[in-house]
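Shown next: run_22.cif, given as mmCIF, C-alpha atoms and all ligand atoms.
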```cif
data_my_file
#
loop_
_atom_site.label_atom_id
_atom_site.label_comp_id
_atom_site.auth_asym_id
_atom_site.auth_seq_id
_atom_site.Cartn_x
_atom_site.Cartn_y
_atom_site.Cartn_z
CA MET T 1 -27.99 7.07 -9.36
CA THR T 2 -27.97 3.38 -10.20
CA ALA T 3 -24.32 2.70 -10.95
CA CYS T 4 -21.46 3.08 -8.49
CA PRO T 5 -19.56 6.21 -9.60
CA VAL T 6 -16.23 4.54 -8.84
CA CYS T 7 -16.46 1.08 -10.41
CA LEU T 8 -19.55 1.63 -12.60
CA GLN T 9 -21.16 -1.62 -11.40
CA LYS T 10 -24.81 -1.64 -10.44
CA MET T 11 -25.07 -0.49 -6.84
CA GLN T 12 -26.82 -2.38 -4.08
CA ALA T 13 -28.04 0.77 -2.40
CA SER T 14 -27.49 4.48 -2.24
CA ARG T 15 -28.94 6.92 0.23
CA ALA T 16 -28.66 10.63 -0.05
CA GLY T 17 -28.13 12.36 3.29
CA VAL T 18 -27.41 16.00 4.02
CA GLY T 19 -24.71 16.75 1.46
CA LEU T 20 -23.47 13.19 1.75
CA HIS T 21 -24.29 10.04 -0.24
CA HIS T 22 -24.03 6.69 1.46
CA ILE T 23 -23.16 4.03 -1.11
CA GLU T 24 -23.19 0.24 -0.88
CA CYS T 25 -21.44 -1.44 -3.78
CA ARG T 26 -20.57 -5.11 -4.30
CA GLN T 27 -17.07 -4.20 -5.47
CA CYS T 28 -16.26 -1.09 -3.41
CA GLY T 29 -18.23 -1.94 -0.27
CA THR T 30 -19.59 0.85 1.92
CA TYR T 31 -18.39 4.39 1.43
CA PHE T 32 -19.61 7.96 1.74
CA VAL T 33 -19.16 10.64 -0.84
CA SER T 34 -19.89 14.31 -0.41
CA ALA T 35 -22.17 15.88 -2.98
CA SER T 36 -19.43 18.36 -3.85
CA VAL T 37 -17.07 15.69 -5.21
CA LEU T 38 -19.64 13.31 -6.68
CA GLY T 39 -19.65 15.31 -9.92
CA LYS T 40 -15.88 15.28 -9.99
CA ILE T 41 -15.82 11.48 -9.76
CA LYS T 42 -18.47 11.14 -12.45
CA ASN T 43 -16.67 13.51 -14.80
CA ALA T 44 -13.15 12.33 -14.12
CA GLU T 45 -11.36 10.81 -17.07
CA PHE T 46 -10.66 7.54 -15.44
CA SER T 47 -8.51 4.84 -16.92
CA PRO T 48 -9.76 1.34 -16.06
CA ARG T 49 -6.60 1.01 -13.92
CA SER T 50 -7.42 4.14 -11.90
CA ARG T 51 -10.93 2.83 -11.30
CA ALA T 52 -9.57 -0.52 -10.16
CA ASN T 53 -7.13 1.20 -7.78
CA PHE T 54 -9.85 3.48 -6.39
CA SER T 55 -12.24 0.57 -5.88
CA GLY T 56 -9.51 -1.62 -4.35
CA TRP T 57 -8.55 1.15 -1.96
CA LEU T 58 -12.17 1.69 -0.87
CA ILE T 59 -12.79 -1.99 -0.14
CA GLU T 60 -9.73 -1.93 2.13
CA ASN T 61 -10.88 1.24 3.87
CA GLN T 62 -14.54 0.55 4.54
CA GLY T 63 -16.77 3.40 5.62
CA PHE T 64 -14.40 5.99 4.18
CA GLN T 65 -15.70 9.46 3.45
CA ILE T 66 -14.59 10.87 0.09
CA ASP T 67 -14.47 14.64 0.04
CA THR T 68 -12.54 17.57 -1.41
CA ARG T 69 -9.56 16.93 0.87
CA ASN T 70 -8.81 13.45 -0.43
CA ILE T 71 -10.43 13.11 -3.85
CA ASP T 72 -7.35 14.05 -5.89
CA ARG T 73 -5.26 11.51 -4.05
CA LEU T 74 -7.86 8.76 -4.63
CA LEU T 75 -8.12 9.56 -8.33
CA ASN T 76 -4.35 9.13 -8.67
CA LEU T 77 -3.46 6.10 -6.58
CA SER T 78 -0.50 4.11 -7.80
CA THR T 79 -0.91 0.48 -8.72
CA PRO T 80 0.43 -2.24 -6.44
CA SER T 81 2.86 -4.57 -8.21
CA PHE T 82 1.75 -7.90 -9.62
CA HIS T 83 3.34 -9.73 -6.70
CA GLU T 84 1.70 -7.45 -4.15
CA ARG T 85 -1.66 -8.20 -5.73
CA ALA T 86 -0.87 -11.92 -5.74
CA ASP T 87 -0.21 -11.62 -1.99
CA LYS T 88 -3.56 -9.87 -1.54
CA ALA T 89 -5.25 -12.77 -3.36
CA LEU T 90 -3.51 -15.36 -1.21
CA LEU T 91 -4.43 -13.52 2.01
CA LEU T 92 -8.01 -13.31 0.77
CA ILE T 93 -8.18 -17.07 0.22
CA GLU T 94 -6.68 -17.58 3.66
CA ILE T 95 -9.40 -15.43 5.27
CA GLY T 96 -12.05 -17.59 3.58
CA THR T 97 -10.40 -20.86 4.61
CA PRO T 98 -12.09 -22.34 7.71
CA TYR T 99 -9.44 -25.09 8.05
CA ALA T 100 -6.34 -26.17 6.13
CA GLY T 101 -7.30 -28.39 3.22
CA LYS T 102 -10.69 -26.77 2.62
CA HIS T 103 -11.49 -25.29 -0.79
CA VAL T 104 -12.72 -21.69 -0.96
CA GLN T 105 -15.29 -20.50 -3.47
CA ARG T 106 -14.18 -17.74 -5.84
CA GLU T 107 -16.34 -14.62 -5.45
CA ASN T 108 -17.07 -11.63 -7.67
CA SER T 109 -15.81 -9.21 -5.02
CA TRP T 110 -12.29 -10.63 -5.41
CA VAL T 111 -11.86 -8.41 -8.48
CA SER T 112 -11.72 -5.25 -6.36
CA ARG T 113 -10.13 -6.94 -3.35
CA VAL T 114 -7.14 -7.91 -5.49
CA TRP T 115 -7.13 -4.46 -7.19
CA CYS T 116 -7.94 -5.98 -10.60
CA ILE T 117 -9.56 -4.32 -13.60
CA ASN T 118 -11.69 -7.32 -14.46
CA GLU T 119 -12.22 -11.06 -13.97
CA GLU T 120 -9.61 -11.79 -16.62
CA GLU T 121 -6.86 -10.06 -14.68
CA LEU T 122 -7.94 -11.75 -11.46
CA THR T 123 -7.77 -15.13 -13.22
CA GLU T 124 -4.23 -14.36 -14.38
CA ILE T 125 -3.11 -13.55 -10.82
CA LEU T 126 -4.78 -16.68 -9.41
CA GLN T 127 -3.19 -18.70 -12.20
CA TYR T 128 0.21 -17.33 -11.12
CA LEU T 129 -0.46 -18.59 -7.57
CA VAL T 130 -1.38 -21.97 -9.05
CA SER T 131 1.76 -22.08 -11.18
CA CYS T 132 4.05 -21.46 -8.21
CA ALA T 133 2.13 -24.11 -6.26
CA ARG T 134 0.81 -21.76 -3.59
CA ILE T 135 -2.78 -22.71 -4.36
CA GLU T 136 -4.66 -25.42 -6.23
CA LYS T 137 -7.64 -24.80 -8.51
CA HIS T 138 -10.70 -26.98 -8.52
CA SER T 139 -13.74 -26.69 -10.79
CA SER T 140 -16.90 -27.65 -8.97
CA GLU T 141 -20.56 -27.47 -9.93
CA HIS T 142 -20.71 -24.20 -7.94
CA GLY T 143 -17.87 -22.61 -9.89
CA LEU T 144 -14.14 -22.27 -9.29
CA GLN T 145 -12.65 -23.11 -5.93
CA TYR T 146 -9.16 -22.70 -4.55
CA LYS T 147 -7.21 -24.45 -1.83
CA ILE T 148 -3.99 -23.24 -0.18
CA LEU T 149 -1.07 -25.64 -0.67
CA PRO T 150 1.96 -26.11 1.65
CA ASN T 151 3.94 -23.57 -0.44
CA GLY T 152 1.13 -21.09 0.08
CA TRP T 153 1.05 -21.59 3.85
CA ALA T 154 4.83 -21.10 3.94
CA HIS T 155 4.52 -17.89 1.94
CA LEU T 156 1.76 -16.62 4.24
CA GLU T 157 3.98 -17.19 7.25
CA GLU T 158 6.75 -15.22 5.58
CA LEU T 159 4.34 -12.41 4.82
CA LYS T 160 3.41 -12.21 8.48
CA SER T 161 6.84 -12.72 9.97
CA PHE T 162 7.38 -9.04 10.67
CA GLY T 163 5.19 -6.25 11.97
CA ARG T 164 2.36 -6.77 9.54
CA ASP T 165 -0.24 -5.54 11.99
CA SER T 166 1.98 -2.68 13.08
CA VAL T 167 1.05 0.93 12.36
CA GLN T 168 4.67 2.07 12.53
CA GLY T 169 6.58 3.43 9.57
CA PHE T 170 10.35 3.50 10.13
CA VAL T 171 12.22 6.48 8.67
CA ALA T 172 15.73 5.74 7.44
CA MET T 173 17.62 8.85 6.39
CA TRP T 174 20.73 10.92 6.85
CA PHE T 175 20.49 12.82 10.12
CA ASP T 176 21.92 16.02 8.88
CA ASP T 177 20.57 19.40 9.93
CA SER T 178 19.89 20.23 6.29
CA LEU T 179 17.37 17.38 6.16
CA ARG T 180 15.61 17.98 9.46
CA LYS T 181 12.76 19.83 7.83
CA LEU T 182 12.38 17.01 5.31
CA ASN T 183 11.77 14.55 8.11
CA ASP T 184 9.76 16.68 10.53
CA GLU T 185 7.51 18.46 8.08
CA ILE T 186 7.38 16.20 5.08
CA ILE T 187 8.21 12.49 5.51
CA SER T 188 6.74 12.15 9.03
CA GLN T 189 3.65 14.09 7.99
CA ALA T 190 3.19 11.98 4.85
CA ILE T 191 3.31 8.84 7.01
CA LEU T 192 0.74 10.34 9.41
CA ASP T 193 -1.50 11.33 6.48
CA ALA T 194 -1.43 7.71 5.32
CA GLY T 195 -2.63 6.60 8.76
CA TYR T 196 0.69 5.35 10.20
CA LYS T 197 2.98 6.39 13.03
CA PRO T 198 6.41 7.62 11.96
CA HIS T 199 9.40 6.31 13.87
CA ARG T 200 12.64 8.13 13.56
CA VAL T 201 15.67 7.04 15.53
CA ASP T 202 16.83 9.74 17.89
CA GLN T 203 19.40 11.86 16.17
CA ARG T 204 21.84 11.92 19.09
CA GLU T 205 21.88 8.14 19.38
CA HIS T 206 22.13 7.43 15.71
CA ASN T 207 25.60 8.44 14.49
CA ASP T 208 25.25 6.07 11.53
CA LYS T 209 25.68 3.08 13.81
CA ILE T 210 23.35 0.14 13.31
CA ASP T 211 22.52 -1.21 16.73
CA ASP T 212 20.08 -3.71 18.20
CA GLU T 213 17.55 -0.98 18.91
CA ILE T 214 17.40 0.02 15.24
CA ILE T 215 17.10 -3.60 14.12
CA ALA T 216 14.30 -4.16 16.64
CA GLN T 217 12.48 -1.01 15.55
CA ILE T 218 12.63 -2.01 11.89
CA ARG T 219 11.30 -5.48 12.75
CA GLN T 220 8.37 -3.92 14.60
CA SER T 221 7.48 -1.66 11.68
CA ARG T 222 5.01 -2.17 8.89
CA PHE T 223 7.26 -0.47 6.33
CA VAL T 224 10.35 1.68 5.90
CA VAL T 225 10.69 5.03 4.16
CA ALA T 226 14.33 5.33 3.07
CA ASP T 227 15.68 8.64 1.83
CA PHE T 228 19.02 8.20 0.08
CA THR T 229 20.01 11.86 -0.09
CA GLY T 230 23.59 12.01 1.16
CA HIS T 231 24.06 8.31 0.38
CA ARG T 232 24.75 7.14 3.91
CA GLY T 233 25.76 3.54 4.44
CA GLY T 234 23.32 3.25 7.33
CA VAL T 235 20.34 4.07 5.11
CA TYR T 236 21.36 1.45 2.53
CA PHE T 237 21.75 -1.09 5.32
CA GLU T 238 18.39 -0.32 6.95
CA ALA T 239 16.54 -0.44 3.63
CA GLY T 240 18.26 -3.68 2.66
CA PHE T 241 17.54 -5.26 6.02
CA ALA T 242 13.84 -4.39 5.73
CA LYS T 243 13.72 -5.61 2.14
CA GLY T 244 15.29 -8.89 3.25
CA LEU T 245 12.45 -9.36 5.73
CA GLY T 246 10.02 -8.95 2.82
CA MET T 247 8.97 -5.58 4.20
CA GLU T 248 7.74 -2.80 1.96
CA VAL T 249 10.37 -0.08 1.43
CA PHE T 250 9.50 3.31 -0.04
CA TRP T 251 12.55 4.79 -1.72
CA THR T 252 13.07 8.54 -1.93
CA CYS T 253 15.94 10.82 -2.91
CA ARG T 254 16.64 14.45 -3.75
CA ARG T 255 16.42 14.82 -7.52
CA ASP T 256 19.99 16.06 -8.08
CA GLU T 257 21.38 12.97 -6.34
CA ILE T 258 19.29 10.33 -7.99
CA ASP T 259 22.01 9.51 -10.53
CA LYS T 260 24.33 8.68 -7.65
CA LEU T 261 22.01 5.99 -6.29
CA HIS T 262 23.76 2.70 -5.88
CA PHE T 263 23.17 0.54 -8.92
CA ASP T 264 21.42 -2.21 -6.95
CA ILE T 265 18.51 -0.03 -5.91
CA ARG T 266 17.96 1.80 -9.20
CA GLN T 267 15.47 -0.89 -10.20
CA TYR T 268 13.14 0.35 -7.48
CA ASN T 269 10.73 3.12 -8.24
CA CYS T 270 12.24 6.04 -6.35
CA ILE T 271 10.14 9.10 -5.46
CA ASP T 272 12.29 12.15 -6.05
CA TRP T 273 11.96 15.53 -4.40
CA GLU T 274 13.30 19.07 -4.67
CA SER T 275 13.24 21.80 -2.05
CA ALA T 276 10.81 23.67 -4.29
CA ASN T 277 8.21 20.89 -4.47
CA LEU T 278 8.16 19.41 -0.98
CA GLY T 279 4.37 19.72 -0.68
CA GLU T 280 3.86 17.67 -3.81
CA PHE T 281 6.46 15.14 -2.66
CA ARG T 282 4.62 14.73 0.64
CA GLU T 283 1.41 13.97 -1.24
CA ARG T 284 3.08 11.50 -3.59
CA LEU T 285 4.64 9.64 -0.65
CA THR T 286 1.26 9.42 1.11
CA ASN T 287 -0.34 8.14 -2.10
CA ARG T 288 2.33 5.52 -2.61
CA ILE T 289 2.07 4.22 0.96
CA GLU T 290 -1.73 4.04 0.79
CA ALA T 291 -1.76 2.44 -2.64
CA VAL T 292 0.53 -0.35 -1.51
CA LEU T 293 -0.58 -0.89 2.08
CA GLY T 294 -3.99 0.75 2.35
CA HIS T 295 -4.78 3.54 4.78
CA GLY T 296 -3.46 2.70 8.25
CA SER T 297 -5.46 2.79 11.47
CA TYR T 298 -3.19 5.11 13.44
CA ASN T 299 -4.93 8.19 14.78
CA GLN T 300 -2.87 11.11 15.96
CA GLU T 301 -5.48 11.79 18.70
ZN ZN S 401 -18.22 0.36 -6.79
#
```

Rewritten as C-alpha cells:
Amino acid sequence: MTACPVCLQKMQASRAGVGLHHIECRQCGTYFVSASVLGKIKNAEFSPRSRANFSGWLIENQGFQIDTRNIDRLLNLSTPSFHERADKALLLIEIGTPYAGKHVQRENSWVSRVWCINEEELTEILQYLVSCARIEKHSSEHGLQYKILPNGWAHLEELKSFGRDSVQGFVAMWFDDSLRKLNDEIISQAILDAGYKPHRVDQREHNDKIDDEIIAQIRQSRFVVADFTGHRGGVYFEAGFAKGLGMEVFWTCRRDEIDKLHFDIRQYNCIDWESANLGEFRERLTNRIEAVLGHGSYNQE
C-alpha cells in the first residue's frame, strides 16, 4: 500500500499490525484501520467531497481506529458549510500565529484541515477571509503567507465567547411523555455516540419556562439539539438564543410536523424522524454533529 486509502495521497508510512494497519498520512494524519474495512474503503465509490470530509474528520480525530462499527458513518459524513470551513481556516491560522502581526506560512495540510477537496477550494475559502478583512495575504519567496487582521481577531473572540471547549450538548425539546423515549434512547444516545455529554433540563422544573438556569446551561454548552415536534415556544426560544450566540444548533422534527415549522427556521437543514426509523435518525444526528464539530472528547466511563 503506497497511497492513503482515504485521500489517495502518497502515504508517509504504513505498518501492518495484527489485523490493524497503522497509517501516517500528510493530509489525514495518524489513524488505524482494521483489515476488515480496508477493502471497503478502497472499493467505496467515493465522491471527492466524501473523501475530503473523511480526511478532514480524521485529522480532527487523530489516532482514531476505523472499523466495522464506524465505517458507514465515516463514508457518509455531511459537509460543513462554507462559513464553518472559513472558521476552521481562521482558527488554523490563529494556532500557527506566535504573536499578533506575524504572518503564517500556508501549508499543504490545510487542505484536509479545512475540509477542502483541493488547493483550489482552500484558496477560495482563504480569499473569502481576505475579502471580509479577517486576514491579509502576502506572497513571499517561501510561498503564500497570511496574517490575522483586527476583524479576524474580533471574529475569533466571538467564536470562543461561549462554551467552545465544552463537551456538553444541550437538548431543547417538548417535555411530553410521548417524546421521552426520543430523548432518552435516541437524541441523548446520538450525542453520546458523537463524544458529547447530553444535558436535558429536568422535566419537573421545566414547564416551558425559560429561567436563568436554562440560559446558563445553554451558554455552557458546545451546541444545542432542538427538536421542534409539538412546536413549543420554549424550544424556539432556546434554539434562537443559542443561534444568537453563534452556537451550532442541530434542528430536528417529526416528519409529519415539518410543514408546520415556523417560516424563519425552514432555511435550516432539519433532520426529520418517524417512529419507525428512530435508529436511522439517531445515526444521522450523530453524523451531523461529528461532521460539523468533530468527535467530542467526552467518555461515558
Ligand atoms: Zn490520507

Just the residues within 10 Å of Ser81 (chain T), please, counting only C-alpha atoms, with nothing from its chain fewer than 5 positions along; format it as a list in words. Ala86, Asp87 and Val292 of chain T

Kindly provide, as a PyMOL selection string, all nucleotide and amino acid residues lying within 9 Å of ligand ZN 401 (chain S), counting only C-alpha atoms and all ligand atoms. chain T and resi 3-11+23-30+51+54-55+58-59+112

Long-range neighbours of region 123-129 of chain T as a PyMOL selection string, 8 Å cut-off, only C-alpha atoms, 6 positions minimum in chain: chain T and resi 82+85-86+89-90+135

So that each row is one residue of region 101-151 of chain T with an atom at most 10 Å from region 93-97 of chain T, can you give its shortest atom pair and the distance in Å to one decimal, using all atoms listed in the file, rows by chain and rising number, as a Markdown table?
```
| residue | atom | partner | partner_atom | distance |
| --- | --- | --- | --- | --- |
| T:Gly101 | CA | T:Thr97 | CA | 8.3 |
| T:Lys102 | CA | T:Thr97 | CA | 6.2 |
| T:His103 | CA | T:Thr97 | CA | 7.1 |
| T:Val104 | CA | T:Thr97 | CA | 6.1 |
| T:Gln105 | CA | T:Gly96 | CA | 8.3 |
| T:Arg106 | CA | T:Ile93 | CA | 8.6 |
| T:Trp110 | CA | T:Ile93 | CA | 9.5 |
| T:Ile135 | CA | T:Ile93 | CA | 9.1 |
| T:Gln145 | CA | T:Ile93 | CA | 9.7 |
| T:Tyr146 | CA | T:Ile93 | CA | 7.4 |
| T:Lys147 | CA | T:Ile93 | CA | 7.7 |
| T:Ile148 | CA | T:Glu94 | CA | 7.3 |
```

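CA of Asn299 (chain T) is positioned 20.6 Å from CA of Val201 (chain T).
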
Option closest in space to Leu192 (chain T), from T:Tyr99, T:Phe237, T:Trp273, T:Phe170 [counting only C-alpha atoms]: T:Phe170

For a test of reading the model, state the distance in Å between CA of Asp72 (chain T) and CA of Leu122 (chain T), rounded to one decimal. 26.4 Å

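Across the model, the gap from CA of Glu238 (chain T) to CA of Arg73 (chain T) is 28.6 Å.
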
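Residue nearest Ser47 (chain T), chosen from T:Leu77, T:Trp174, T:Ser188, T:Phe241 and counting all atoms listed in the file: T:Leu77.
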
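When all atoms listed in the file are used to compute distances to Ile117 (chain T), the closest of the residues T:Gly56, T:Pro48, T:Gly279, T:Gly163 turns out to be T:Pro48.
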
Pick from T:Phe281, T:Met247, T:Arg134, T:Gly17: nearest to Glu185 (chain T), with only C-alpha atoms counted? T:Phe281

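Each of T:Ala154, T:Ile66, T:Ala276, T:Ile71 was checked against Ala44 (chain T) using all atoms listed in the file; the smallest atom-to-atom distance is that of T:Ile71.
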
Dump region 53-102 of chain T with C-alpha atoms to a file, as a PDB file, in the first residue's frame.
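And here is the file that came out, result_14.pdb:
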```pdb
ATOM      1  CA  ASN T  53     -14.980  15.031   4.635  1.00  0.00           C
ATOM      2  CA  PHE T  54     -13.462  11.705   5.704  1.00  0.00           C
ATOM      3  CA  SER T  55      -9.930  13.117   5.612  1.00  0.00           C
ATOM      4  CA  GLY T  56     -10.987  16.315   7.425  1.00  0.00           C
ATOM      5  CA  TRP T  57     -12.700  14.278  10.121  1.00  0.00           C
ATOM      6  CA  LEU T  58      -9.630  12.065  10.624  1.00  0.00           C
ATOM      7  CA  ILE T  59      -7.234  14.994  11.005  1.00  0.00           C
ATOM      8  CA  GLU T  60      -9.502  16.340  13.744  1.00  0.00           C
ATOM      9  CA  ASN T  61      -9.693  12.966  15.479  1.00  0.00           C
ATOM     10  CA  GLN T  62      -6.084  11.825  15.486  1.00  0.00           C
ATOM     11  CA  GLY T  63      -5.312   8.239  16.361  1.00  0.00           C
ATOM     12  CA  PHE T  64      -8.835   7.110  15.509  1.00  0.00           C
ATOM     13  CA  GLN T  65      -9.474   3.456  14.800  1.00  0.00           C
ATOM     14  CA  ILE T  66     -11.691   2.817  11.776  1.00  0.00           C
ATOM     15  CA  ASP T  67     -13.579  -0.448  11.990  1.00  0.00           C
ATOM     16  CA  THR T  68     -16.882  -2.080  11.074  1.00  0.00           C
ATOM     17  CA  ARG T  69     -18.757  -0.147  13.775  1.00  0.00           C
ATOM     18  CA  ASN T  70     -17.994   3.301  12.389  1.00  0.00           C
ATOM     19  CA  ILE T  71     -17.035   2.903   8.737  1.00  0.00           C
ATOM     20  CA  ASP T  72     -20.508   3.587   7.299  1.00  0.00           C
ATOM     21  CA  ARG T  73     -20.785   6.774   9.293  1.00  0.00           C
ATOM     22  CA  LEU T  74     -17.351   7.966   8.106  1.00  0.00           C
ATOM     23  CA  LEU T  75     -18.161   7.222   4.476  1.00  0.00           C
ATOM     24  CA  ASN T  76     -21.277   9.397   4.736  1.00  0.00           C
ATOM     25  CA  LEU T  77     -20.248  12.443   6.740  1.00  0.00           C
ATOM     26  CA  SER T  78     -22.080  15.623   5.907  1.00  0.00           C
ATOM     27  CA  THR T  79     -20.192  18.639   4.691  1.00  0.00           C
ATOM     28  CA  PRO T  80     -19.659  21.622   6.980  1.00  0.00           C
ATOM     29  CA  SER T  81     -20.977  24.858   5.490  1.00  0.00           C
ATOM     30  CA  PHE T  82     -18.695  27.299   3.703  1.00  0.00           C
ATOM     31  CA  HIS T  83     -18.695  29.602   6.723  1.00  0.00           C
ATOM     32  CA  GLU T  84     -17.898  26.764   9.109  1.00  0.00           C
ATOM     33  CA  ARG T  85     -14.921  25.859   6.948  1.00  0.00           C
ATOM     34  CA  ALA T  86     -13.854  29.502   6.817  1.00  0.00           C
ATOM     35  CA  ASP T  87     -13.906  29.471  10.637  1.00  0.00           C
ATOM     36  CA  LYS T  88     -11.750  26.330  10.641  1.00  0.00           C
ATOM     37  CA  ALA T  89      -9.254  28.122   8.377  1.00  0.00           C
ATOM     38  CA  LEU T  90      -9.146  31.182  10.618  1.00  0.00           C
ATOM     39  CA  LEU T  91      -8.653  29.057  13.748  1.00  0.00           C
ATOM     40  CA  LEU T  92      -5.880  27.196  11.948  1.00  0.00           C
ATOM     41  CA  ILE T  93      -4.055  30.436  11.136  1.00  0.00           C
ATOM     42  CA  GLU T  94      -4.504  31.522  14.739  1.00  0.00           C
ATOM     43  CA  ILE T  95      -2.885  28.310  16.007  1.00  0.00           C
ATOM     44  CA  GLY T  96       0.126  28.988  13.767  1.00  0.00           C
ATOM     45  CA  THR T  97       0.422  32.628  14.835  1.00  0.00           C
ATOM     46  CA  PRO T  98       3.132  33.059  17.517  1.00  0.00           C
ATOM     47  CA  TYR T  99       2.195  36.725  18.106  1.00  0.00           C
ATOM     48  CA  ALA T 100      -0.321  39.193  16.666  1.00  0.00           C
ATOM     49  CA  GLY T 101       1.043  40.746  13.490  1.00  0.00           C
ATOM     50  CA  LYS T 102       3.107  37.728  12.444  1.00  0.00           C
TER      51      LYS T 102
END
```
